[in-house]
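Chemist: What follows is the file structure_31.txt, containing compact mmCIF, N, CA and C atoms:
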```txt
# COMPACT_ATOMS: atom_id res chain seq x y z
N MET A 11 -43.65 -18.74 -202.70
CA MET A 11 -43.85 -19.99 -203.39
C MET A 11 -43.49 -19.78 -204.86
N TYR A 12 -42.99 -20.83 -205.49
CA TYR A 12 -42.58 -20.78 -206.88
C TYR A 12 -43.79 -20.54 -207.78
N GLU A 13 -43.64 -19.62 -208.71
CA GLU A 13 -44.69 -19.33 -209.68
C GLU A 13 -44.31 -19.92 -211.02
N HIS A 14 -45.15 -20.77 -211.57
CA HIS A 14 -44.88 -21.37 -212.88
C HIS A 14 -44.99 -20.31 -213.96
N LYS A 15 -44.10 -20.39 -214.96
CA LYS A 15 -44.13 -19.43 -216.06
C LYS A 15 -45.31 -19.68 -216.98
N LEU A 16 -45.68 -20.95 -217.13
CA LEU A 16 -46.82 -21.32 -217.95
C LEU A 16 -47.92 -21.89 -217.06
N PRO A 17 -49.17 -21.65 -217.41
CA PRO A 17 -50.25 -22.24 -216.60
C PRO A 17 -50.23 -23.77 -216.72
N LYS A 18 -50.73 -24.43 -215.69
CA LYS A 18 -50.80 -25.89 -215.73
C LYS A 18 -51.72 -26.33 -216.85
N ASP A 19 -51.30 -27.37 -217.54
CA ASP A 19 -52.09 -27.90 -218.65
C ASP A 19 -52.52 -29.32 -218.28
N ILE A 20 -53.50 -29.41 -217.40
CA ILE A 20 -53.97 -30.71 -216.93
C ILE A 20 -55.06 -31.19 -217.88
N ARG A 21 -54.83 -32.35 -218.48
CA ARG A 21 -55.72 -32.85 -219.53
C ARG A 21 -56.53 -34.07 -219.13
N CYS A 22 -56.21 -34.66 -217.98
CA CYS A 22 -56.98 -35.83 -217.56
C CYS A 22 -57.00 -35.92 -216.04
N PRO A 23 -57.92 -36.70 -215.49
CA PRO A 23 -58.03 -36.83 -214.04
C PRO A 23 -56.75 -37.36 -213.38
N LEU A 24 -56.02 -38.24 -214.07
CA LEU A 24 -54.79 -38.77 -213.50
C LEU A 24 -53.77 -37.64 -213.29
N GLU A 25 -53.63 -36.78 -214.26
CA GLU A 25 -52.71 -35.65 -214.12
C GLU A 25 -53.14 -34.75 -212.97
N TYR A 26 -54.43 -34.54 -212.82
CA TYR A 26 -54.94 -33.72 -211.71
C TYR A 26 -54.57 -34.36 -210.37
N GLY A 27 -54.82 -35.65 -210.25
CA GLY A 27 -54.51 -36.35 -209.00
C GLY A 27 -53.03 -36.33 -208.68
N LEU A 28 -52.20 -36.59 -209.67
CA LEU A 28 -50.76 -36.59 -209.43
C LEU A 28 -50.24 -35.19 -209.12
N ASP A 29 -50.88 -34.18 -209.68
CA ASP A 29 -50.49 -32.82 -209.37
C ASP A 29 -50.78 -32.50 -207.90
N ILE A 30 -51.87 -33.02 -207.39
CA ILE A 30 -52.27 -32.72 -206.01
C ILE A 30 -51.49 -33.55 -204.99
N PHE A 31 -51.38 -34.87 -205.18
CA PHE A 31 -50.71 -35.67 -204.14
C PHE A 31 -49.49 -36.43 -204.62
N GLY A 32 -49.03 -36.12 -205.82
CA GLY A 32 -47.83 -36.76 -206.33
C GLY A 32 -46.57 -36.08 -205.82
N GLY A 33 -45.46 -36.53 -206.32
CA GLY A 33 -44.18 -35.96 -205.92
C GLY A 33 -43.61 -36.65 -204.70
N LYS A 34 -42.44 -36.19 -204.33
CA LYS A 34 -41.71 -36.84 -203.24
C LYS A 34 -42.31 -36.57 -201.86
N TRP A 35 -42.84 -35.38 -201.61
CA TRP A 35 -43.18 -35.00 -200.25
C TRP A 35 -44.67 -34.96 -199.94
N LYS A 36 -45.51 -34.62 -200.90
CA LYS A 36 -46.94 -34.45 -200.59
C LYS A 36 -47.57 -35.73 -200.07
N SER A 37 -47.27 -36.86 -200.70
CA SER A 37 -47.85 -38.12 -200.23
C SER A 37 -47.35 -38.45 -198.82
N ARG A 38 -46.10 -38.14 -198.53
CA ARG A 38 -45.57 -38.39 -197.19
C ARG A 38 -46.25 -37.51 -196.15
N ILE A 39 -46.49 -36.26 -196.50
CA ILE A 39 -47.19 -35.36 -195.58
C ILE A 39 -48.60 -35.89 -195.30
N ILE A 40 -49.28 -36.34 -196.35
CA ILE A 40 -50.63 -36.88 -196.18
C ILE A 40 -50.59 -38.10 -195.26
N CYS A 41 -49.61 -38.97 -195.45
CA CYS A 41 -49.50 -40.15 -194.58
C CYS A 41 -49.21 -39.78 -193.14
N VAL A 42 -48.36 -38.79 -192.93
CA VAL A 42 -48.03 -38.36 -191.56
C VAL A 42 -49.27 -37.80 -190.87
N LEU A 43 -50.12 -37.12 -191.63
CA LEU A 43 -51.33 -36.52 -191.06
C LEU A 43 -52.55 -37.45 -191.12
N ALA A 44 -52.35 -38.67 -191.57
CA ALA A 44 -53.47 -39.58 -191.82
C ALA A 44 -54.40 -39.77 -190.63
N ASP A 45 -53.84 -39.88 -189.46
CA ASP A 45 -54.69 -40.21 -188.31
C ASP A 45 -54.51 -39.26 -187.14
N LYS A 46 -53.94 -38.07 -187.43
CA LYS A 46 -53.72 -37.15 -186.31
C LYS A 46 -53.58 -35.72 -186.79
N THR A 47 -53.66 -34.84 -185.84
CA THR A 47 -53.43 -33.41 -186.05
C THR A 47 -52.07 -33.09 -185.45
N LEU A 48 -51.24 -32.38 -186.21
CA LEU A 48 -49.89 -32.10 -185.75
C LEU A 48 -49.53 -30.63 -185.89
N ARG A 49 -48.68 -30.17 -185.01
CA ARG A 49 -48.07 -28.86 -185.15
C ARG A 49 -46.93 -29.00 -186.16
N TYR A 50 -46.50 -27.87 -186.70
CA TYR A 50 -45.45 -27.88 -187.71
C TYR A 50 -44.20 -28.59 -187.18
N SER A 51 -43.78 -28.27 -185.98
CA SER A 51 -42.56 -28.87 -185.42
C SER A 51 -42.69 -30.38 -185.25
N GLU A 52 -43.87 -30.84 -184.89
CA GLU A 52 -44.10 -32.29 -184.75
C GLU A 52 -44.04 -32.97 -186.11
N MET A 53 -44.61 -32.31 -187.10
CA MET A 53 -44.58 -32.86 -188.45
C MET A 53 -43.15 -32.92 -188.97
N ARG A 54 -42.40 -31.88 -188.69
CA ARG A 54 -41.01 -31.80 -189.14
C ARG A 54 -40.18 -32.94 -188.55
N LYS A 55 -40.46 -33.33 -187.30
CA LYS A 55 -39.75 -34.44 -186.67
C LYS A 55 -40.09 -35.77 -187.33
N GLU A 56 -41.31 -35.90 -187.84
CA GLU A 56 -41.74 -37.15 -188.48
C GLU A 56 -41.19 -37.30 -189.89
N MET A 57 -40.86 -36.18 -190.51
CA MET A 57 -40.35 -36.19 -191.88
C MET A 57 -38.82 -36.21 -191.82
N VAL A 58 -38.20 -36.94 -192.72
CA VAL A 58 -36.74 -37.03 -192.75
C VAL A 58 -36.24 -36.40 -194.04
N ASN A 59 -35.18 -35.64 -193.93
CA ASN A 59 -34.51 -35.03 -195.09
C ASN A 59 -35.37 -34.05 -195.88
N ILE A 60 -36.25 -33.34 -195.24
CA ILE A 60 -37.02 -32.30 -195.91
C ILE A 60 -36.63 -30.96 -195.30
N THR A 61 -36.45 -29.97 -196.14
CA THR A 61 -36.10 -28.64 -195.62
C THR A 61 -37.36 -27.93 -195.16
N ASP A 62 -37.18 -26.92 -194.33
CA ASP A 62 -38.32 -26.13 -193.87
C ASP A 62 -39.03 -25.46 -195.04
N ALA A 63 -38.27 -24.96 -196.00
CA ALA A 63 -38.87 -24.28 -197.15
C ALA A 63 -39.73 -25.23 -197.97
N VAL A 64 -39.26 -26.43 -198.19
CA VAL A 64 -40.02 -27.41 -198.98
C VAL A 64 -41.26 -27.85 -198.22
N LEU A 65 -41.13 -28.10 -196.93
CA LEU A 65 -42.29 -28.51 -196.13
C LEU A 65 -43.34 -27.41 -196.11
N ALA A 66 -42.91 -26.18 -195.88
CA ALA A 66 -43.86 -25.06 -195.84
C ALA A 66 -44.55 -24.88 -197.19
N SER A 67 -43.81 -25.01 -198.28
CA SER A 67 -44.37 -24.86 -199.62
C SER A 67 -45.37 -25.98 -199.93
N ALA A 68 -44.99 -27.21 -199.60
CA ALA A 68 -45.89 -28.34 -199.86
C ALA A 68 -47.16 -28.23 -199.03
N LEU A 69 -47.04 -27.83 -197.77
CA LEU A 69 -48.23 -27.64 -196.93
C LEU A 69 -49.14 -26.57 -197.50
N LYS A 70 -48.56 -25.49 -197.99
CA LYS A 70 -49.36 -24.42 -198.57
C LYS A 70 -50.10 -24.91 -199.81
N GLU A 71 -49.43 -25.67 -200.66
CA GLU A 71 -50.08 -26.21 -201.86
C GLU A 71 -51.20 -27.18 -201.49
N LEU A 72 -50.95 -28.02 -200.49
CA LEU A 72 -51.98 -28.97 -200.05
C LEU A 72 -53.18 -28.23 -199.44
N GLN A 73 -52.93 -27.12 -198.78
CA GLN A 73 -54.03 -26.29 -198.25
C GLN A 73 -54.83 -25.70 -199.40
N GLU A 74 -54.14 -25.15 -200.39
CA GLU A 74 -54.81 -24.54 -201.53
C GLU A 74 -55.66 -25.55 -202.30
N ASP A 75 -55.23 -26.82 -202.30
CA ASP A 75 -55.97 -27.87 -203.01
C ASP A 75 -57.04 -28.50 -202.14
N GLY A 76 -57.18 -28.05 -200.91
CA GLY A 76 -58.24 -28.55 -200.03
C GLY A 76 -57.94 -29.90 -199.41
N ILE A 77 -56.66 -30.29 -199.35
CA ILE A 77 -56.27 -31.58 -198.78
C ILE A 77 -55.92 -31.44 -197.30
N VAL A 78 -55.27 -30.35 -196.95
CA VAL A 78 -54.83 -30.10 -195.58
C VAL A 78 -55.49 -28.84 -195.06
N GLU A 79 -55.87 -28.89 -193.80
CA GLU A 79 -56.44 -27.71 -193.13
C GLU A 79 -55.42 -27.18 -192.13
N ARG A 80 -55.26 -25.88 -192.13
CA ARG A 80 -54.36 -25.20 -191.19
C ARG A 80 -55.24 -24.49 -190.17
N ARG A 81 -55.04 -24.83 -188.90
CA ARG A 81 -55.80 -24.20 -187.82
C ARG A 81 -54.87 -23.35 -186.99
N GLN A 82 -55.19 -22.07 -186.90
CA GLN A 82 -54.37 -21.14 -186.13
C GLN A 82 -55.15 -20.71 -184.90
N TYR A 83 -54.52 -20.82 -183.74
CA TYR A 83 -55.14 -20.46 -182.48
C TYR A 83 -54.49 -19.19 -181.96
N MET A 84 -55.31 -18.25 -181.57
CA MET A 84 -54.81 -16.98 -181.06
C MET A 84 -54.48 -17.14 -179.58
N GLU A 85 -53.32 -17.70 -179.34
CA GLU A 85 -52.82 -17.92 -177.99
C GLU A 85 -51.43 -17.30 -177.89
N VAL A 86 -50.93 -17.26 -176.71
CA VAL A 86 -49.56 -16.82 -176.50
C VAL A 86 -48.82 -17.96 -175.84
N PRO A 87 -47.82 -18.55 -176.48
CA PRO A 87 -47.37 -18.27 -177.84
C PRO A 87 -48.36 -18.80 -178.87
N PRO A 88 -48.31 -18.29 -180.11
CA PRO A 88 -49.23 -18.73 -181.15
C PRO A 88 -49.09 -20.23 -181.42
N ARG A 89 -50.22 -20.85 -181.72
CA ARG A 89 -50.23 -22.28 -182.01
C ARG A 89 -50.90 -22.49 -183.36
N VAL A 90 -50.25 -23.29 -184.22
CA VAL A 90 -50.80 -23.64 -185.53
C VAL A 90 -50.75 -25.15 -185.65
N GLU A 91 -51.86 -25.74 -186.08
CA GLU A 91 -51.94 -27.19 -186.26
C GLU A 91 -52.41 -27.50 -187.67
N TYR A 92 -52.01 -28.68 -188.15
CA TYR A 92 -52.39 -29.14 -189.48
C TYR A 92 -53.08 -30.49 -189.36
N CYS A 93 -54.12 -30.67 -190.18
CA CYS A 93 -54.82 -31.95 -190.24
C CYS A 93 -55.37 -32.13 -191.65
N LEU A 94 -55.77 -33.35 -191.96
CA LEU A 94 -56.37 -33.61 -193.25
C LEU A 94 -57.83 -33.16 -193.25
N THR A 95 -58.28 -32.68 -194.39
CA THR A 95 -59.70 -32.37 -194.57
C THR A 95 -60.41 -33.66 -194.94
N ASP A 96 -61.72 -33.61 -195.08
CA ASP A 96 -62.46 -34.79 -195.55
C ASP A 96 -61.94 -35.21 -196.92
N LYS A 97 -61.71 -34.24 -197.79
CA LYS A 97 -61.16 -34.53 -199.12
C LYS A 97 -59.79 -35.18 -198.98
N GLY A 98 -58.97 -34.70 -198.08
CA GLY A 98 -57.63 -35.26 -197.87
C GLY A 98 -57.68 -36.69 -197.38
N ARG A 99 -58.64 -37.00 -196.51
CA ARG A 99 -58.75 -38.38 -196.00
C ARG A 99 -59.13 -39.37 -197.11
N THR A 100 -59.77 -38.89 -198.17
CA THR A 100 -60.13 -39.81 -199.27
C THR A 100 -58.91 -40.24 -200.07
N VAL A 101 -57.78 -39.58 -199.89
CA VAL A 101 -56.55 -39.94 -200.60
C VAL A 101 -55.86 -41.14 -199.94
N ILE A 102 -56.11 -41.36 -198.65
CA ILE A 102 -55.43 -42.43 -197.90
C ILE A 102 -55.57 -43.80 -198.56
N PRO A 103 -56.77 -44.25 -198.95
CA PRO A 103 -56.86 -45.57 -199.59
C PRO A 103 -56.06 -45.66 -200.90
N ILE A 104 -55.95 -44.56 -201.61
CA ILE A 104 -55.16 -44.54 -202.84
C ILE A 104 -53.69 -44.76 -202.51
N LEU A 105 -53.19 -44.05 -201.51
CA LEU A 105 -51.80 -44.21 -201.11
C LEU A 105 -51.53 -45.60 -200.54
N GLN A 106 -52.52 -46.16 -199.82
CA GLN A 106 -52.36 -47.52 -199.32
C GLN A 106 -52.27 -48.51 -200.48
N SER A 107 -53.05 -48.31 -201.52
CA SER A 107 -52.99 -49.18 -202.70
C SER A 107 -51.64 -49.10 -203.38
N ILE A 108 -51.10 -47.90 -203.49
CA ILE A 108 -49.77 -47.74 -204.08
C ILE A 108 -48.73 -48.45 -203.23
N CYS A 109 -48.86 -48.33 -201.92
CA CYS A 109 -47.94 -49.00 -201.01
C CYS A 109 -48.03 -50.52 -201.14
N GLN A 110 -49.24 -51.05 -201.25
CA GLN A 110 -49.42 -52.49 -201.44
C GLN A 110 -48.78 -52.94 -202.75
N TRP A 111 -49.00 -52.18 -203.81
CA TRP A 111 -48.43 -52.52 -205.11
C TRP A 111 -46.90 -52.51 -205.03
N ALA A 112 -46.35 -51.47 -204.42
CA ALA A 112 -44.90 -51.35 -204.31
C ALA A 112 -44.32 -52.49 -203.46
N GLY A 113 -45.02 -52.86 -202.40
CA GLY A 113 -44.56 -53.95 -201.55
C GLY A 113 -44.58 -55.29 -202.28
N ALA A 114 -45.53 -55.45 -203.17
CA ALA A 114 -45.64 -56.70 -203.91
C ALA A 114 -44.59 -56.81 -205.02
N TYR A 115 -44.23 -55.71 -205.62
CA TYR A 115 -43.36 -55.77 -206.80
C TYR A 115 -41.95 -55.23 -206.60
N HIS A 116 -41.69 -54.56 -205.50
CA HIS A 116 -40.38 -53.94 -205.30
C HIS A 116 -39.25 -54.95 -205.31
N LEU A 117 -39.39 -56.06 -204.60
CA LEU A 117 -38.30 -57.03 -204.51
C LEU A 117 -37.99 -57.69 -205.84
N THR A 118 -38.93 -57.72 -206.74
CA THR A 118 -38.65 -58.31 -208.04
C THR A 118 -37.87 -57.35 -208.93
N ASP A 119 -37.88 -56.07 -208.60
CA ASP A 119 -37.20 -55.06 -209.42
C ASP A 119 -35.83 -54.65 -208.88
N THR A 120 -35.57 -54.89 -207.59
CA THR A 120 -34.31 -54.46 -206.99
C THR A 120 -33.76 -55.53 -206.07
N SER A 121 -32.55 -55.31 -205.64
CA SER A 121 -31.90 -56.30 -204.78
C SER A 121 -32.03 -55.99 -203.29
N TYR A 122 -32.55 -54.83 -202.92
CA TYR A 122 -32.66 -54.51 -201.50
C TYR A 122 -34.14 -54.43 -201.09
N ALA A 123 -34.40 -54.73 -199.83
CA ALA A 123 -35.76 -54.77 -199.32
C ALA A 123 -36.19 -53.40 -198.80
N LEU A 124 -37.46 -53.08 -199.00
CA LEU A 124 -38.03 -51.87 -198.42
C LEU A 124 -38.35 -52.14 -196.96
N SER A 125 -38.19 -51.14 -196.14
CA SER A 125 -38.61 -51.30 -194.76
C SER A 125 -40.14 -51.28 -194.71
N GLN A 126 -40.69 -51.96 -193.75
CA GLN A 126 -42.14 -52.02 -193.60
C GLN A 126 -42.72 -50.64 -193.34
N CYS A 127 -43.72 -50.27 -194.09
CA CYS A 127 -44.39 -48.99 -193.89
C CYS A 127 -45.36 -49.15 -192.71
N GLN A 128 -45.08 -48.46 -191.63
CA GLN A 128 -45.91 -48.58 -190.44
C GLN A 128 -47.26 -47.88 -190.60
N ARG A 129 -47.33 -46.91 -191.52
CA ARG A 129 -48.57 -46.17 -191.70
C ARG A 129 -49.55 -46.91 -192.60
N CYS A 130 -49.06 -47.46 -193.70
CA CYS A 130 -49.95 -48.12 -194.64
C CYS A 130 -50.10 -49.59 -194.34
N ASP A 131 -49.03 -50.21 -193.79
CA ASP A 131 -49.00 -51.64 -193.55
C ASP A 131 -49.43 -52.38 -194.79
N TYR A 132 -48.60 -52.31 -195.84
CA TYR A 132 -48.96 -52.86 -197.14
C TYR A 132 -49.26 -54.36 -197.10
N ARG A 133 -48.82 -55.04 -196.08
CA ARG A 133 -49.13 -56.47 -195.99
C ARG A 133 -50.52 -56.70 -195.40
N ASN A 134 -51.08 -55.66 -194.77
CA ASN A 134 -52.40 -55.75 -194.15
C ASN A 134 -53.23 -54.56 -194.61
N PRO A 135 -54.02 -54.70 -195.70
CA PRO A 135 -54.76 -53.58 -196.25
C PRO A 135 -55.67 -52.87 -195.26
N LYS A 136 -56.07 -53.53 -194.17
CA LYS A 136 -56.99 -52.89 -193.23
C LYS A 136 -56.25 -52.12 -192.14
N GLY A 137 -54.92 -52.24 -192.08
CA GLY A 137 -54.17 -51.58 -191.02
C GLY A 137 -53.62 -50.25 -191.46
N GLY A 138 -52.97 -49.58 -190.54
CA GLY A 138 -52.21 -48.37 -190.83
C GLY A 138 -53.03 -47.18 -191.22
N ALA A 139 -52.36 -46.29 -192.01
CA ALA A 139 -52.87 -44.98 -192.44
C ALA A 139 -54.30 -44.81 -192.17
```
Can you give me the file's structure in the form of structure tokens?
Modeler:
Amino acid sequence: MYEHKLPKDIRCPLEYGLDIFGGKWKSRIICVLADKTLRYSEMRKEMVNITDAVLASALKELQEDGIVERRQYMEVPPRVEYCLTDKGRTVIPILQSICQWAGAYHLTDTSYALSQCQRCDYRNPKGGA
């Protein structure tokens, strides 16, 4: 995993939150795991355009931050599953709110429509994720 040359300088709760679930892939991983436990290969199929190295790195960071739990079973062949922790599940309403906001304002900022998010269902706050 990449080692930062300087220590993180987090000065407010927003920076802390964005460090944990911000970026291109972490929020998507959280959404994919929102309501199920998946093996790495299953998760990889749900994610589009992510490399194995990036997925593995993001999963490791989410584990270190207590968002994702990695369960390893001593079977032959070995089985590893990933799921959200209780702390990780508390992020879902935040991501749903972001999705609702984006759904409400995206068309006013661009000329193309976003596809409906099946996980968050931004048009129905009680559905999805």
Chemist: Record the distance separating atom N of A:Pro103 and atom C of A:Val58, expressed in Å with one decimal.
Modeler: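 Going from atom N of A:Pro103 over to atom C of A:Val58 covers 22.5 Å.
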Chemist: For A:Gly98, list every protein, DNA or RNA residue within 10 Å, evaluated using only C-alpha atoms, and leave out those in the same chain fewer than 2 positions away; present the list as a PyMOL selection string.
Modeler: chain A and resi 31+40+43-44+72-73+75-79+93-96+100-102
Chemist: Please dump the current selection as a CSV table (one decimal), in the frame of the given file; keep N, CA and C atoms.
Modeler:
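Now in out-v3.csv:
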```csv
chain,number,residue,atom,x,y,z
A,31,PHE,N,-51.4,-34.9,-205.2
A,31,PHE,CA,-50.7,-35.7,-204.1
A,31,PHE,C,-49.5,-36.4,-204.6
A,40,ILE,N,-49.3,-36.3,-196.4
A,40,ILE,CA,-50.6,-36.9,-196.2
A,40,ILE,C,-50.6,-38.1,-195.3
A,43,LEU,N,-50.1,-37.1,-191.6
A,43,LEU,CA,-51.3,-36.5,-191.1
A,43,LEU,C,-52.6,-37.4,-191.1
A,44,ALA,N,-52.4,-38.7,-191.6
A,44,ALA,CA,-53.5,-39.6,-191.8
A,44,ALA,C,-54.4,-39.8,-190.6
A,72,LEU,N,-51.0,-28.0,-200.5
A,72,LEU,CA,-52.0,-29.0,-200.0
A,72,LEU,C,-53.2,-28.2,-199.4
A,73,GLN,N,-52.9,-27.1,-198.8
A,73,GLN,CA,-54.0,-26.3,-198.2
A,73,GLN,C,-54.8,-25.7,-199.4
A,75,ASP,N,-55.2,-26.8,-202.3
A,75,ASP,CA,-56.0,-27.9,-203.0
A,75,ASP,C,-57.0,-28.5,-202.1
A,76,GLY,N,-57.2,-28.0,-200.9
A,76,GLY,CA,-58.2,-28.6,-200.0
A,76,GLY,C,-57.9,-29.9,-199.4
A,77,ILE,N,-56.7,-30.3,-199.4
A,77,ILE,CA,-56.3,-31.6,-198.8
A,77,ILE,C,-55.9,-31.4,-197.3
A,78,VAL,N,-55.3,-30.4,-197.0
A,78,VAL,CA,-54.8,-30.1,-195.6
A,78,VAL,C,-55.5,-28.8,-195.1
A,79,GLU,N,-55.9,-28.9,-193.8
A,79,GLU,CA,-56.4,-27.7,-193.1
A,79,GLU,C,-55.4,-27.2,-192.1
A,93,CYS,N,-54.1,-30.7,-190.2
A,93,CYS,CA,-54.8,-32.0,-190.2
A,93,CYS,C,-55.4,-32.1,-191.6
A,94,LEU,N,-55.8,-33.4,-192.0
A,94,LEU,CA,-56.4,-33.6,-193.2
A,94,LEU,C,-57.8,-33.2,-193.2
A,95,THR,N,-58.3,-32.7,-194.4
A,95,THR,CA,-59.7,-32.4,-194.6
A,95,THR,C,-60.4,-33.7,-194.9
A,96,ASP,N,-61.7,-33.6,-195.1
A,96,ASP,CA,-62.5,-34.8,-195.6
A,96,ASP,C,-61.9,-35.2,-196.9
A,100,THR,N,-59.8,-38.9,-198.2
A,100,THR,CA,-60.1,-39.8,-199.3
A,100,THR,C,-58.9,-40.2,-200.1
A,101,VAL,N,-57.8,-39.6,-199.9
A,101,VAL,CA,-56.6,-39.9,-200.6
A,101,VAL,C,-55.9,-41.1,-199.9
A,102,ILE,N,-56.1,-41.4,-198.6
A,102,ILE,CA,-55.4,-42.4,-197.9
A,102,ILE,C,-55.6,-43.8,-198.6
```
Chemist: Go ahead and compute the interatomic distance for atom CA of A:Gly32 and atom CA of A:Trp111, in Å to one decimal.
Modeler: 15.8 Å
Chemist: Please measure the separation of atom CA of A:Lys34 and atom CA of A:Tyr83, giving the value in Å to one decimal.
Modeler: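 Distance reported for this atom pair: 29.7 Å.
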Chemist: List the spatial neighbours of A:Ala68 as an MDAnalysis selection string - criterion: any atom at most 8 Å away, all atoms listed in the file, same-chain residues fewer than 5 positions off excluded.
Modeler: chainID A and resid 35:36 39 62:63 73:74
Chemist: I need the residues from that last selection saved to file as a compact mmCIF listing (two decimals), keeping the file's coordinate frame (with N, CA and C atoms), if you can.
Modeler:
```txt
# COMPACT_ATOMS: atom_id res chain seq x y z
N TRP A 35 -42.84 -35.38 -201.61
CA TRP A 35 -43.18 -35.00 -200.25
C TRP A 35 -44.67 -34.96 -199.94
N LYS A 36 -45.51 -34.62 -200.90
CA LYS A 36 -46.94 -34.45 -200.59
C LYS A 36 -47.57 -35.73 -200.07
N ILE A 39 -46.49 -36.26 -196.50
CA ILE A 39 -47.19 -35.36 -195.58
C ILE A 39 -48.60 -35.89 -195.30
N ASP A 62 -37.18 -26.92 -194.33
CA ASP A 62 -38.32 -26.13 -193.87
C ASP A 62 -39.03 -25.46 -195.04
N ALA A 63 -38.27 -24.96 -196.00
CA ALA A 63 -38.87 -24.28 -197.15
C ALA A 63 -39.73 -25.23 -197.97
N GLN A 73 -52.93 -27.12 -198.78
CA GLN A 73 -54.03 -26.29 -198.25
C GLN A 73 -54.83 -25.70 -199.40
N GLU A 74 -54.14 -25.15 -200.39
CA GLU A 74 -54.81 -24.54 -201.53
C GLU A 74 -55.66 -25.55 -202.30
```
Chemist: Would you mind telling me which residue in A:Arg54, A:Arg49, A:Lys97, A:Arg38 lies nearest to A:Arg80 when using only C-alpha atoms?
Modeler: A:Arg49
Chemist: Please determine, counting all atoms listed in the file, which residue among A:Asp29, A:Tyr92, A:Ile60, A:Ile20 has the shortest atom-to-atom distance to A:Lys46.
Modeler: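 With all atoms listed in the file as the atom set, the closest residue is A:Tyr92.
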Chemist: Per DSSP on the backbone, filter stretch 35-130 of chain A down to the residues in helix (DSSP H, G or I) and report them as a PyMOL selection string.
Modeler: chain A and resi 36-42+50-56+62-74+96-99+102-119
Chemist: Please rebuild stretch 22-27 of chain A with all heavy atoms and give the result as an mmCIF file, in the frame of the given file.
Modeler:
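Output file selection31.cif follows:
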```
data_model
loop_
_atom_site.group_PDB
_atom_site.id
_atom_site.type_symbol
_atom_site.label_atom_id
_atom_site.label_comp_id
_atom_site.auth_asym_id
_atom_site.auth_seq_id
_atom_site.Cartn_x
_atom_site.Cartn_y
_atom_site.Cartn_z
ATOM 1 N N CYS A 22 -56.210 -34.660 -217.980
ATOM 2 C CA CYS A 22 -56.980 -35.830 -217.560
ATOM 3 C C CYS A 22 -57.000 -35.920 -216.040
ATOM 4 O O CYS A 22 -56.181 -35.302 -215.364
ATOM 5 C CB CYS A 22 -56.417 -37.110 -218.186
ATOM 6 S SG CYS A 22 -54.929 -37.737 -217.400
ATOM 7 N N PRO A 23 -57.920 -36.700 -215.490
ATOM 8 C CA PRO A 23 -58.030 -36.830 -214.040
ATOM 9 C C PRO A 23 -56.750 -37.360 -213.380
ATOM 10 O O PRO A 23 -56.421 -36.964 -212.268
ATOM 11 C CB PRO A 23 -59.194 -37.797 -213.837
ATOM 12 C CG PRO A 23 -60.021 -37.644 -215.067
ATOM 13 C CD PRO A 23 -59.039 -37.376 -216.177
ATOM 14 N N LEU A 24 -56.020 -38.240 -214.070
ATOM 15 C CA LEU A 24 -54.790 -38.770 -213.500
ATOM 16 C C LEU A 24 -53.770 -37.640 -213.290
ATOM 17 O O LEU A 24 -53.139 -37.550 -212.238
ATOM 18 C CB LEU A 24 -54.193 -39.850 -214.388
ATOM 19 C CG LEU A 24 -52.865 -40.443 -213.909
ATOM 20 C CD1 LEU A 24 -53.015 -41.100 -212.551
ATOM 21 C CD2 LEU A 24 -52.329 -41.423 -214.931
ATOM 22 N N GLU A 25 -53.630 -36.780 -214.260
ATOM 23 C CA GLU A 25 -52.710 -35.650 -214.120
ATOM 24 C C GLU A 25 -53.140 -34.750 -212.970
ATOM 25 O O GLU A 25 -52.300 -34.251 -212.228
ATOM 26 C CB GLU A 25 -52.653 -34.836 -215.424
ATOM 27 C CG GLU A 25 -51.931 -35.534 -216.539
ATOM 28 C CD GLU A 25 -51.898 -34.713 -217.812
ATOM 29 O OE1 GLU A 25 -51.932 -33.465 -217.737
ATOM 30 O OE2 GLU A 25 -51.848 -35.307 -218.887
ATOM 31 N N TYR A 26 -54.430 -34.540 -212.820
ATOM 32 C CA TYR A 26 -54.940 -33.720 -211.710
ATOM 33 C C TYR A 26 -54.570 -34.360 -210.370
ATOM 34 O O TYR A 26 -54.061 -33.706 -209.469
ATOM 35 C CB TYR A 26 -56.456 -33.559 -211.831
ATOM 36 C CG TYR A 26 -57.100 -32.924 -210.621
ATOM 37 C CD1 TYR A 26 -56.942 -31.571 -210.347
ATOM 38 C CD2 TYR A 26 -57.873 -33.685 -209.742
ATOM 39 C CE1 TYR A 26 -57.524 -30.984 -209.231
ATOM 40 C CE2 TYR A 26 -58.461 -33.108 -208.624
ATOM 41 C CZ TYR A 26 -58.284 -31.759 -208.382
ATOM 42 O OH TYR A 26 -58.860 -31.189 -207.272
ATOM 43 N N GLY A 27 -54.820 -35.650 -210.250
ATOM 44 C CA GLY A 27 -54.510 -36.350 -209.000
ATOM 45 C C GLY A 27 -53.030 -36.330 -208.680
ATOM 46 O O GLY A 27 -52.631 -36.045 -207.546
#
```
